[in-house]
Structures are given as C-alpha cells and as structure tokens.
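Student: I am attaching a structure below and will ask some questions about it afterwards.
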Amino acid sequence: MRTPQVVVVMGVAGTGKTTIGPLLAARLGVPYAEGDDFHPQANIDKMSAGIPLDDADRWPWLDAIGHWAHGRAGLGGVVSSSALKRVYRDRLRAVAPGIVFLHLTGDRRLIEERMSQRQGHFMPTALLDSQFATLQPLQPDEAGVAVDVSGGPEEITERAVQALAALPDTAGSSH
C-alpha cells in the first residue's frame, strides 16, 4: 500500500494552483490547504500594492506551509505554494522532508489570459513578469513532476494524478 503523498502544488501566479489543488485533493481523498492563507497580513498588503515579496517576507510563510505539510506526513495532503525558487523548496523540505512537488507549467500568454479573467485575487498581472524571472524549475534531484496546464481543470487534474502515481514511493526513505 502506497503511503499517501503530501503534495505542494507550485507554479507562477495564474497557473491554477487554487483550482487544481482542491480538485487533486478530492481525487486523492486528502485535505487541501490554500497556501495564500498562510501569508501574514503584511505580505498581503505588499502584494496588493504591487510590491513583490522579498525572501525575508517569504521565510515565515514557507515555514508555516512546511509545518502544515509535516503534520500531514503519512496521512497525505495538498497545499498550494508558488515555491518558485529552489531555495524556497529546500526550506519547505527542511520542515517536511517527504513532500513532493506538482509544478503547474504553461505558456505565458495562456497564463496571462487566465489571470486577466480572475476576480478578487491580490496578484496583479504586472507581477507575472517577475514571477517568470524568478522561476527555477524542479531539478532532477527534487521529488516532483511538471504538468502542463493547457485544457480544462479536470483534464489537468487527471494528468497530475497520473504523473504523481508514477513517482517512486519516497515516504519510507530519508533524503
């Protein structure tokens, strides 16, 4: 029996983390946590003003997500977090070593188009360039998969489920 995975749904803004995350969690039968809910108010205020967060802003946020993920180890869970840089993913893994990443990837034009249609989200499309500039894709030594976000949410979720199922079961190993 495979140990339930704790999956961090990552990617630039607009790739569908908050759409695919809950769908994936439902398919896997595990709880979903919205990464943005772990941000302190100061971070939300900065982003709302169009000011990108710096790493000092991100450490407490990443630690909070990591602690949630650690608490789900062996039980399974899905949480969203942009996790654009390797150092951010390393920070998450330091707290929750068994996590796997689902990197939602896509064409910039498609992502910008989707962002422009969203309501009530605090990430302006102007920050998309900085997100793409910051993005460091998963490295071969990082547990995770990249899934393209073309198509509808159900189609993307199905691709994610299949890709994650193909990963080796790492829950019993120590990295």
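Following the order of the structure tokens, chains are lettered A, B, ..., residues in each are numbered from 1, and ligands are numbered from 1.
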As a ChimeraX atom specification, please: the residues near stretch 105-108 of chain A (cut-off 12 Å, only C-alpha atoms, same-chain neighbours under 2 positions excluded).

Tutor: /A:9-17,82,84,102-103,110-115,125,128-129,131-133,135-138,145-151,156,160

Student: Extract the full set of strand (DSSP E or B) residues from stretch 17-168 of chain A according to DSSP on the backbone, and format it as a tab-separated table (two decimals) with N, CA and C atoms, in the first residue's frame.

Tutor:
```tsv
chain	number	residue	atom	x	y	z
A	32	TYR	N	-7.08	19.77	1.60
A	32	TYR	CA	-6.40	20.81	0.83
A	32	TYR	C	-6.21	22.03	1.72
A	33	ALA	N	-5.04	22.65	1.61
A	33	ALA	CA	-4.77	23.92	2.31
A	33	ALA	C	-4.35	24.95	1.27
A	77	GLY	N	-1.92	15.04	1.88
A	77	GLY	CA	-2.48	16.38	1.85
A	77	GLY	C	-2.01	17.09	0.60
A	78	VAL	N	-2.69	18.18	0.28
A	78	VAL	CA	-2.31	19.01	-0.85
A	78	VAL	C	-2.32	20.45	-0.37
A	79	VAL	N	-1.25	21.18	-0.68
A	79	VAL	CA	-1.16	22.59	-0.32
A	79	VAL	C	-0.58	23.35	-1.51
A	80	SER	N	-1.08	24.56	-1.72
A	80	SER	CA	-0.54	25.38	-2.81
A	80	SER	C	0.52	26.32	-2.27
A	100	VAL	N	6.27	16.10	-2.02
A	100	VAL	CA	6.54	16.07	-3.45
A	100	VAL	C	5.92	17.31	-4.07
A	101	PHE	N	6.50	17.75	-5.18
A	101	PHE	CA	6.02	18.96	-5.83
A	101	PHE	C	5.29	18.63	-7.12
A	102	LEU	N	4.18	19.32	-7.34
A	102	LEU	CA	3.47	19.28	-8.60
A	102	LEU	C	3.61	20.67	-9.21
A	103	HIS	N	4.47	20.78	-10.24
A	103	HIS	CA	4.74	22.06	-10.87
A	103	HIS	C	3.77	22.24	-12.04
A	104	LEU	N	2.85	23.18	-11.90
A	104	LEU	CA	1.93	23.50	-12.98
A	104	LEU	C	2.63	24.47	-13.93
A	105	THR	N	2.81	24.03	-15.17
A	105	THR	CA	3.56	24.82	-16.14
A	105	THR	C	2.67	25.18	-17.32
A	144	GLY	N	9.22	15.28	-7.56
A	144	GLY	CA	8.09	16.02	-8.10
A	144	GLY	C	7.91	15.80	-9.57
A	145	VAL	N	6.86	16.40	-10.10
A	145	VAL	CA	6.51	16.28	-11.51
A	145	VAL	C	6.07	17.64	-12.03
A	146	ALA	N	6.23	17.83	-13.34
A	146	ALA	CA	5.72	19.03	-14.00
A	146	ALA	C	4.54	18.61	-14.88
A	147	VAL	N	3.46	19.37	-14.80
A	147	VAL	CA	2.26	19.07	-15.57
A	147	VAL	C	1.81	20.32	-16.29
A	148	ASP	N	1.54	20.18	-17.59
A	148	ASP	CA	1.10	21.31	-18.41
A	148	ASP	C	-0.34	21.69	-18.05
```

Student: Just the alpha helix (DSSP H) stuff from chain A, please, per backbone DSSP, written as a PyMOL selection string.

Tutor: chain A and resi 17-28+41-48+55-71+86-95+108-116+128-134+153-165

Student: To one decimal place in Å, what is the distance between atom CA of A:Ala42 and atom CA of A:Gly21?

Tutor: 24.6 Å
